[in-house]
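Structure first, commentary second.
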Amino acid sequence: MLPTTPHYINTTQPFSSSTLTSSTIPTMALANPCSFLFFLLLLLSSLPNISQATSRAPNRMLALVQNQPLILKYHKGPLLKGNITLHLLWYGTFTPTQRSIIIEFIESLSATSSPQSPSVCSWWRTTESYKGGPCTLIVGNQILDNNYSLGKSLKTHHLHALASNPKLTSTPARAVHVILTSADVAVEDFCMNQCGTHGSGKARNGERTAYAWVGNSVTQCPGQCAWPFHQPVYGSQTAPLVAPSGDVGVDGMVINLATVLAGVVTNPFEDGYYQGPASAPLEAVSACTGIFGKGAYPGYAGEVLVENVTGASYNAVGVRGRKFLLPAMWDPLSSTCKTLV
């Protein structure tokens, strides 16, 4: 039986915002005292709506707003804990360098030691605060499908078929099948509603399985799925950050892969940690979309580190000193979106 029940993750779009500015005050109200008094009464009566608007505005007033804690409810289901094997299917054309970036990111998640701080493994360690203890990710089998066996335009059922590839042999409860599609592969709802997804189903023996998918958006929608390394589709058009590896598409994939991996281990079967409806949940990282460092606000990723020579932005260091930019993750201990810097 093929996997079903995907979770659609729109991971890298910056927030939308609304503001109230002084330009909305009618000039004639200022010219006539009576009119101004009447206008002032109207203004005071509408303060609840103004507060709601400015609480989302990208300015220093955010520091004065008392935000409610973000709570991801635990729905009593099993999580993926212990040693979990990630079997990878590379669909399409990837260079050896592109594959090495993704592999080194995965290896960095569960590295026993890191030569520098902040580290990728310290980011992943937040998942230990979810019920069940630590989760160690291990790279398993890898398949290179550079002949595009199902074509270059994939539907959701094609992802299910790829995830069920018999060459990705595993003990279902202890593995996740990860599908990675190259920049020239179009996937259903990619760039429209999602930058990556994870889902679940049942194997032939009846055990539940988990899978994940992330695509390279560099030629299709980098402003949506590779932000902040590309200007966003809408909102503030600030200069994009420099990608740590120099490859905007692959560094965008790392952000989205980080998002779906955190989601799949903390909510693998729709009954783990999430907020909102099970069919479109806010999960460990997708609940913190657009936040990469302290002080983040709509259109601004936050304070991150900058490499002196290349000018690349990053907030985590992995194996062999490779640098990554990772999104904030919800921390159950503080009920906040936790950043590394």
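Each chain in the structure tokens gets a letter, A, B and so on, in the order shown; residues start at 1 in every chain, and ligands are counted from 1 in the order they appear.
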Write out as an mmCIF file with all heavy atoms, in the first residue's frame the residues lying within 8 Å of Ile103 (chain A), counting only C-alpha atoms and excluding same-chain residues fewer than 4 positions away.
data_model
loop_
_atom_site.group_PDB
_atom_site.id
_atom_site.type_symbol
_atom_site.label_atom_id
_atom_site.label_comp_id
_atom_site.auth_asym_id
_atom_site.auth_seq_id
_atom_site.Cartn_x
_atom_site.Cartn_y
_atom_site.Cartn_z
ATOM 1 N N ARG A 99 24.956 17.157 -3.631
ATOM 2 C CA ARG A 99 24.639 16.018 -2.765
ATOM 3 C C ARG A 99 25.446 16.069 -1.475
ATOM 4 O O ARG A 99 24.931 15.751 -0.395
ATOM 5 C CB ARG A 99 24.883 14.702 -3.512
ATOM 6 C CG ARG A 99 23.940 14.464 -4.690
ATOM 7 C CD ARG A 99 23.881 12.993 -5.078
ATOM 8 N NE ARG A 99 25.195 12.456 -5.415
ATOM 9 C CZ ARG A 99 25.720 12.467 -6.639
ATOM 10 N NH1 ARG A 99 25.035 13.029 -7.639
ATOM 11 N NH2 ARG A 99 26.904 11.954 -6.875
ATOM 12 N N GLU A 107 24.323 14.563 8.362
ATOM 13 C CA GLU A 107 25.327 14.034 9.282
ATOM 14 C C GLU A 107 25.560 14.986 10.457
ATOM 15 O O GLU A 107 25.831 14.544 11.576
ATOM 16 C CB GLU A 107 26.638 13.797 8.536
ATOM 17 C CG GLU A 107 26.582 12.667 7.524
ATOM 18 C CD GLU A 107 27.870 12.521 6.722
ATOM 19 O OE1 GLU A 107 28.686 13.473 6.722
ATOM 20 O OE2 GLU A 107 28.059 11.463 6.094
ATOM 21 N N VAL A 139 22.268 8.368 7.891
ATOM 22 C CA VAL A 139 22.080 8.240 6.453
ATOM 23 C C VAL A 139 22.148 6.762 6.073
ATOM 24 O O VAL A 139 23.113 6.069 6.391
ATOM 25 C CB VAL A 139 23.147 9.032 5.676
ATOM 26 C CG1 VAL A 139 22.982 8.820 4.167
ATOM 27 C CG2 VAL A 139 23.056 10.517 6.017
#
Contacts of Glu104 (chain A) at 9 Å or less, counting only C-alpha atoms, minus same-chain residues fewer than 2 places along, as a compact mmCIF listing (two decimals) with all heavy atoms, in the first residue's frame?
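Saved file around_14.txt follows:
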# COMPACT_ATOMS: atom_id res chain seq x y z
N ARG A 99 24.96 17.16 -3.63
CA ARG A 99 24.64 16.02 -2.77
C ARG A 99 25.45 16.07 -1.47
O ARG A 99 24.93 15.75 -0.39
CB ARG A 99 24.88 14.70 -3.51
CG ARG A 99 23.94 14.46 -4.69
CD ARG A 99 23.88 12.99 -5.08
NE ARG A 99 25.19 12.46 -5.42
CZ ARG A 99 25.72 12.47 -6.64
NH1 ARG A 99 25.04 13.03 -7.64
NH2 ARG A 99 26.90 11.95 -6.88
N SER A 100 26.70 16.47 -1.57
CA SER A 100 27.54 16.51 -0.37
C SER A 100 27.04 17.54 0.63
O SER A 100 27.14 17.32 1.86
CB SER A 100 29.00 16.79 -0.75
OG SER A 100 29.16 18.13 -1.22
N ILE A 101 26.49 18.65 0.15
CA ILE A 101 25.94 19.66 1.07
C ILE A 101 24.79 19.08 1.88
O ILE A 101 24.72 19.24 3.11
CB ILE A 101 25.49 20.91 0.28
CG1 ILE A 101 26.68 21.60 -0.36
CG2 ILE A 101 24.74 21.88 1.20
CD1 ILE A 101 26.30 22.69 -1.36
N ILE A 102 23.87 18.40 1.19
CA ILE A 102 22.73 17.80 1.86
C ILE A 102 23.18 16.70 2.83
O ILE A 102 22.70 16.62 3.98
CB ILE A 102 21.72 17.23 0.84
CG1 ILE A 102 21.20 18.34 -0.09
CG2 ILE A 102 20.58 16.51 1.55
CD1 ILE A 102 20.32 19.34 0.56
N ILE A 106 22.72 16.46 7.02
CA ILE A 106 22.10 15.36 7.76
C ILE A 106 23.07 14.78 8.77
O ILE A 106 22.71 14.51 9.94
CB ILE A 106 21.60 14.28 6.79
CG1 ILE A 106 20.48 14.83 5.90
CG2 ILE A 106 21.09 13.05 7.56
CD1 ILE A 106 20.04 13.88 4.79
N GLU A 107 24.32 14.56 8.36
CA GLU A 107 25.33 14.03 9.28
C GLU A 107 25.56 14.99 10.46
O GLU A 107 25.83 14.54 11.58
CB GLU A 107 26.64 13.80 8.54
CG GLU A 107 26.58 12.67 7.52
CD GLU A 107 27.87 12.52 6.72
OE1 GLU A 107 28.69 13.47 6.72
OE2 GLU A 107 28.06 11.46 6.09
N SER A 108 25.44 16.28 10.21
CA SER A 108 25.67 17.28 11.26
C SER A 108 24.58 17.26 12.32
O SER A 108 24.83 17.65 13.47
CB SER A 108 25.77 18.68 10.64
OG SER A 108 26.82 18.77 9.72
N LEU A 109 23.37 16.84 11.96
CA LEU A 109 22.27 16.85 12.90
C LEU A 109 22.55 16.00 14.13
O LEU A 109 22.16 16.36 15.25
CB LEU A 109 20.98 16.37 12.21
CG LEU A 109 20.39 17.30 11.16
CD1 LEU A 109 19.27 16.61 10.40
CD2 LEU A 109 19.88 18.60 11.80
N GLY A 318 28.38 22.85 10.91
CA GLY A 318 28.24 21.40 10.90
C GLY A 318 29.57 20.69 10.78
O GLY A 318 30.63 21.26 11.05
N VAL A 319 29.50 19.43 10.37
CA VAL A 319 30.72 18.63 10.22
C VAL A 319 31.61 19.24 9.16
O VAL A 319 31.15 19.87 8.21
CB VAL A 319 30.37 17.16 9.86
CG1 VAL A 319 29.60 16.50 10.99
CG2 VAL A 319 29.58 17.09 8.56
N ARG A 320 32.91 19.06 9.36
CA ARG A 320 33.93 19.59 8.46
C ARG A 320 33.83 21.11 8.28
O ARG A 320 34.23 21.67 7.26
CB ARG A 320 33.88 18.87 7.09
CG ARG A 320 34.35 17.42 7.19
CD ARG A 320 34.19 16.67 5.89
NE ARG A 320 32.81 16.23 5.68
CZ ARG A 320 32.27 15.17 6.27
NH1 ARG A 320 32.95 14.44 7.13
NH2 ARG A 320 31.02 14.83 6.01
N ARG A 322 31.33 23.03 7.72
CA ARG A 322 30.37 23.60 6.76
C ARG A 322 29.32 24.41 7.50
O ARG A 322 28.82 24.03 8.54
CB ARG A 322 29.70 22.49 5.95
CG ARG A 322 28.83 23.07 4.83
CD ARG A 322 28.21 22.01 3.95
NE ARG A 322 29.18 21.33 3.11
CZ ARG A 322 29.65 21.84 1.97
NH1 ARG A 322 29.29 23.05 1.58
NH2 ARG A 322 30.50 21.14 1.24
Select from region 104-273 of chain A everything DSSP, run on the backbone, classes as helix (DSSP H, G or I), then give the selection as a PyMOL selection string.
chain A and resi 104-109+120-129+156-163+172-174+222-225+248-266
Who sits within 9 Å of Ala262 (chain A), only C-alpha atoms, same chain under 6 positions skipped, as number ranges by chain:
A: 124, 127, 283-285, 329
Which neighbours of Leu72 (chain A) fall inside 7 Å, counting only C-alpha atoms, when residues of the same chain fewer than 5 positions from it are skipped, and could you give them as a PyMOL selection string?
chain A and resi 273-275
Please dump the current selection as an mmCIF file, in the first residue's frame; keep all heavy atoms.
data_model
loop_
_atom_site.group_PDB
_atom_site.id
_atom_site.type_symbol
_atom_site.label_atom_id
_atom_site.label_comp_id
_atom_site.auth_asym_id
_atom_site.auth_seq_id
_atom_site.Cartn_x
_atom_site.Cartn_y
_atom_site.Cartn_z
ATOM 1 N N TYR A 273 2.989 16.283 17.911
ATOM 2 C CA TYR A 273 2.937 17.684 18.318
ATOM 3 C C TYR A 273 2.552 18.556 17.124
ATOM 4 O O TYR A 273 3.225 18.555 16.093
ATOM 5 C CB TYR A 273 4.307 18.141 18.821
ATOM 6 C CG TYR A 273 4.664 17.687 20.206
ATOM 7 C CD1 TYR A 273 5.262 16.447 20.413
ATOM 8 C CD2 TYR A 273 4.449 18.501 21.327
ATOM 9 C CE1 TYR A 273 5.624 16.027 21.688
ATOM 10 C CE2 TYR A 273 4.811 18.096 22.593
ATOM 11 C CZ TYR A 273 5.402 16.852 22.776
ATOM 12 O OH TYR A 273 5.761 16.440 24.028
ATOM 13 N N TYR A 274 1.496 19.341 17.294
ATOM 14 C CA TYR A 274 1.135 20.319 16.269
ATOM 15 C C TYR A 274 0.062 21.248 16.798
ATOM 16 O O TYR A 274 -0.570 20.996 17.836
ATOM 17 C CB TYR A 274 0.671 19.647 14.971
ATOM 18 C CG TYR A 274 -0.609 18.846 15.072
ATOM 19 C CD1 TYR A 274 -1.862 19.442 14.872
ATOM 20 C CD2 TYR A 274 -0.583 17.481 15.345
ATOM 21 C CE1 TYR A 274 -3.033 18.709 14.942
ATOM 22 C CE2 TYR A 274 -1.756 16.733 15.423
ATOM 23 C CZ TYR A 274 -2.971 17.351 15.220
ATOM 24 O OH TYR A 274 -4.133 16.617 15.305
ATOM 25 N N GLN A 275 -0.153 22.328 16.075
ATOM 26 C CA GLN A 275 -1.228 23.268 16.358
ATOM 27 C C GLN A 275 -2.091 23.391 15.119
ATOM 28 O O GLN A 275 -1.583 23.365 14.000
ATOM 29 C CB GLN A 275 -0.647 24.636 16.738
ATOM 30 C CG GLN A 275 -1.694 25.688 17.096
ATOM 31 C CD GLN A 275 -1.080 27.059 17.312
ATOM 32 O OE1 GLN A 275 -0.934 27.831 16.383
ATOM 33 N NE2 GLN A 275 -0.697 27.350 18.552
#
